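**Student:** One structure follows; several queries about it will come next.
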Amino acid sequence: MPVMQANKSWRFVTRSSPLPGFRLTFTFTMIYLTMIVLIPLAAILLRAAREGFFGFLHTVTAPRVLASYRVTLGSAGLAALLSAVFGMLLAWVLARYDFPGKRVVDALVDLPFALPTAVAGISLTALYTEQGWIGRYLEPHGIHVAFTPIGIVLAMSFVGFPFVVRSVQPVLEDLDPAMEEAAASLGANVWQRFTRVIAPVTFPALLTGTALAFARAAGEYGSVIFIAGNMPMKTEITALLIVTKLEEYDYSGAAAIAGAMLALSFAVMLLVNLLQWWGQRREGNRT
Amino acid sequence: MSGHRAVSSSALLQPSLAQQVGRVTLIVLALLFLLVFLVLPVAAVFTQALSQGWKMYRDSISQADVLSALRLTGLVAGIAVPLNLVFGVAASWAITRFEFHGKSLLITLIDIPLSVSPVVAGMMYVEVFGLHGWLGPWLSEHNLHVIFAVPGIVLATVFVTFPFVARELIPFMQAQGRDEEVAAVVLVDPEKPTKPV
């Protein structure tokens with residue numbers, strides 16, 4: 001195949017472009033993606049399939065596993081909700097207001113992305129145990145955070161909220177102030193301007209960020225195991241169960257549970273895509 | 001950057017007293033959240049680390065095993081980041097500069113590592129490279145070590161940081177548009193124009 005013939009033989013290219021490098025960059029992207037993501041994914045799914053349909057079903061619906069779904073999904077749901085509220089607040093403050101130290105705050109938001117999750121888990125646990133800076137004020141009132149589901153929610157929110165901030169902030173920054181001015185000149189008050197002008201535009205981004213935060217929270221391991229206490233049936237998360245199975249050399253059992261978690265990941269990714277498509281369609285309708 | 005916009009604009013959006021109160025409240029709330037959620041935990045780590053004094057801290061991080069762990073972490077990041085950088089640039093060039101079928105599927109596939117549990121990710125590589133995995137027997141025959149060795153750590157790190165460069169670049173390159181690059185191709189030299197434009 002002559003090299004100069006460029007995009008001719010690539011039937012799936014829908015519009016030819018004068019720009020160079022499609023073959024090179026696309027081929028590299030596909031090879032890299034296949035090696036790093038697709039083949040390993042296929043490997044684990046095939047291993048899970050080796051359990052057989054009923055074996056798979058039996059493993060992923062064992063009482064201890066079901067309890068771990070409840071803990072994981074319940075905590076991740078609450079964490080996603082918390083992330084949505086505070087992530088939206090932070091995105092709003094960062095996009096709309098000027099205040100001293102704003103740049104520092106903006107940089108701090110990325111800290112959970114950069115901090116090793118184990119460090120996050122250890123430091124949160126240190127804060128909320130009986131002797132911790134915060135725990136010592138909560139424990140006397142009977143509020144236990146460390147080693148309870150509340151702690152799990154806390155750790156999960158810690159790793160999740162930057163996703164919401166980073167999804168919503170650019171949308172808020174791009175929002176043309178002229179739209180709000182128009183609304184204001186037509187007599188809309190603050191609340192109306194927020195619900196009628198700002199909320200509809202930011203809503204898809206907010207949902208996307210929240211879904212990502214949920215997915216991240218549901219898969220989180222490093223920070224949660226330190227603060228959770230890891231009691232079977234009570235504060236044991238699904239990711240930990242996989243590790244436990246691996247330590248018992250039950251590879252296909254671990255793969256089966258991993259398969260169930262992957263199904264959840266794919267569902268969330270699908271949701272995110274639908275949301276993005278919905279957001280783009282709304283965008284299209286506005287212009 | 002966009003803060004100026006909100007401050008300057010027309011008289012219609014000049015904040016009333018109530019709005020200014022609301023604004024300060026929101027800022028204070030956001031800062032409080034960050035203080036309790038981010039700053040305190042990190043501060044707690046440092047106070048604990050330094051609670052035995054500066055010398056103790058220096059001694060414990062200069063132990064041989066700690067130093068070698070730090071070196072390994074640096075090495076792994078030093079390999080993983082450039083790999084993902086090259087991938088991120090290549091993927092965003094292909095995605096933002098050309099039209100093809102299955103583009104949104106490709107974007108979704110790139111996002112997968114964001115939603116896959118790190119535990120599952122690690123296990124995937126054991127499945128492929130481990131002793132009972134697909135390539136395990138071949139690797140051990142040739143005395144190559146991937147799992148429980150540096151290449152495995154690099155692979156896992158590459159996986160969890162996989163989408164970050166592409167995710168940052170794609171919206172940016174989309175917003176920037178390709179007109180200038182096309183103009184460069186047409187005007188200057190059909191062979192030469194590359195990304196720095």
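Residues in the structure tokens are numbered from 1 in each chain, the chains being A, B, ... in the order shown, and ligands are numbered from 1 in the order shown.
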With the cut-off set at 7 Å and counting only C-alpha atoms, tabulate each residue of chain B with an atom at most that distance from an atom of chain A, showing the nearest atom pair and its distance in Å to one decimal, ordered by chain and increasing number, as JSON lines.

**Tutor:**
{"residue": "B:Ser2", "atom": "CA", "partner": "A:Glu173", "partner_atom": "CA", "distance": 6.0}
{"residue": "B:Gly3", "atom": "CA", "partner": "A:Arg96", "partner_atom": "CA", "distance": 5.1}
{"residue": "B:Ala6", "atom": "CA", "partner": "A:Arg96", "partner_atom": "CA", "distance": 6.1}
{"residue": "B:Leu12", "atom": "CA", "partner": "A:Ala184", "partner_atom": "CA", "distance": 6.4}
{"residue": "B:Leu13", "atom": "CA", "partner": "A:Glu181", "partner_atom": "CA", "distance": 6.5}
{"residue": "B:Leu26", "atom": "CA", "partner": "A:Val93", "partner_atom": "CA", "distance": 6.9}
{"residue": "B:Ile27", "atom": "CA", "partner": "A:Val93", "partner_atom": "CA", "distance": 6.0}
{"residue": "B:Ala30", "atom": "CA", "partner": "A:Leu90", "partner_atom": "CA", "distance": 5.6}
{"residue": "B:Phe37", "atom": "CA", "partner": "A:Phe158", "partner_atom": "CA", "distance": 6.9}
{"residue": "B:Pro41", "atom": "CA", "partner": "A:Ser123", "partner_atom": "CA", "distance": 5.0}
{"residue": "B:Val42", "atom": "CA", "partner": "A:Ser123", "partner_atom": "CA", "distance": 6.6}
{"residue": "B:Ala44", "atom": "CA", "partner": "A:Ser123", "partner_atom": "CA", "distance": 6.3}
{"residue": "B:Val45", "atom": "CA", "partner": "A:Ser123", "partner_atom": "CA", "distance": 5.6}
{"residue": "B:Phe87", "atom": "CA", "partner": "A:Thr29", "partner_atom": "CA", "distance": 6.2}
{"residue": "B:Ala90", "atom": "CA", "partner": "A:Thr25", "partner_atom": "CA", "distance": 4.6}
{"residue": "B:Ala91", "atom": "CA", "partner": "A:Thr29", "partner_atom": "CA", "distance": 5.4}
{"residue": "B:Trp93", "atom": "CA", "partner": "A:Thr25", "partner_atom": "CA", "distance": 6.8}
{"residue": "B:Ala94", "atom": "CA", "partner": "A:Phe26", "partner_atom": "CA", "distance": 5.5}
{"residue": "B:Phe98", "atom": "CA", "partner": "A:Ser17", "partner_atom": "CA", "distance": 6.7}
{"residue": "B:Glu99", "atom": "CA", "partner": "A:Thr14", "partner_atom": "CA", "distance": 5.7}
{"residue": "B:Phe100", "atom": "CA", "partner": "A:Val13", "partner_atom": "CA", "distance": 4.1}
{"residue": "B:His101", "atom": "CA", "partner": "A:Phe12", "partner_atom": "CA", "distance": 5.3}
{"residue": "B:Thr108", "atom": "CA", "partner": "A:Met269", "partner_atom": "CA", "distance": 6.9}
{"residue": "B:Leu114", "atom": "CA", "partner": "A:Arg216", "partner_atom": "CA", "distance": 6.8}
{"residue": "B:Ser115", "atom": "CA", "partner": "A:Ala215", "partner_atom": "CA", "distance": 5.0}
{"residue": "B:Val116", "atom": "CA", "partner": "A:Ser265", "partner_atom": "CA", "distance": 5.9}
{"residue": "B:Ser117", "atom": "CA", "partner": "A:Gly219", "partner_atom": "CA", "distance": 3.9}
{"residue": "B:Pro118", "atom": "CA", "partner": "A:Gly219", "partner_atom": "CA", "distance": 6.8}
{"residue": "B:Val119", "atom": "CA", "partner": "A:Ala239", "partner_atom": "CA", "distance": 6.2}
{"residue": "B:Val120", "atom": "CA", "partner": "A:Ala258", "partner_atom": "CA", "distance": 5.7}
{"residue": "B:Met124", "atom": "CA", "partner": "A:Pro40", "partner_atom": "CA", "distance": 5.0}
{"residue": "B:Tyr125", "atom": "CA", "partner": "A:Pro40", "partner_atom": "CA", "distance": 5.9}
{"residue": "B:Glu127", "atom": "CA", "partner": "A:Ala43", "partner_atom": "CA", "distance": 6.0}
{"residue": "B:Val128", "atom": "CA", "partner": "A:Pro40", "partner_atom": "CA", "distance": 6.1}
{"residue": "B:Phe159", "atom": "CA", "partner": "A:Ile36", "partner_atom": "CA", "distance": 6.5}
{"residue": "B:Val182", "atom": "CA", "partner": "A:Leu19", "partner_atom": "CA", "distance": 6.2}
{"residue": "B:Val185", "atom": "CA", "partner": "A:Leu19", "partner_atom": "CA", "distance": 6.8}

**Student:** May I ask which of the residues B:Thr96, B:Thr47, B:Gln63, B:Asn84 is the closest one to B:Thr157, counting only C-alpha atoms?

**Tutor:**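 For B:Thr157, the nearest of the candidates is B:Asn84.
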
**Student:** Could you please determine the separation between atom CA of B:Gln176 and atom CA of A:Gln280 in Å, to one decimal place?

**Tutor:**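 Taking atom CA of B:Gln176 and atom CA of A:Gln280, their separation equals 17.6 Å.
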
**Student:** Compile the contact shell of A:Thr72 as number ranges by chain: residues with an atom at most 6 Å away, counting only C-alpha atoms, same-chain residues fewer than 3 positions apart removed.

**Tutor:** A: 68-69, 75-76, 218, 237

**Student:** In Å to one decimal, how far is atom CA of A:Pro162 from atom CA of A:Thr210?

**Tutor:**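 We find that atom CA of A:Thr210 and atom CA of A:Pro162 lie 9.8 Å from each other.
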
**Student:** In Å, how far is it from atom CA of A:Gly142 to atom CA of A:Asn230?

**Tutor:**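 Separating atom CA of A:Gly142 from atom CA of A:Asn230 is a distance of 20.3 Å.
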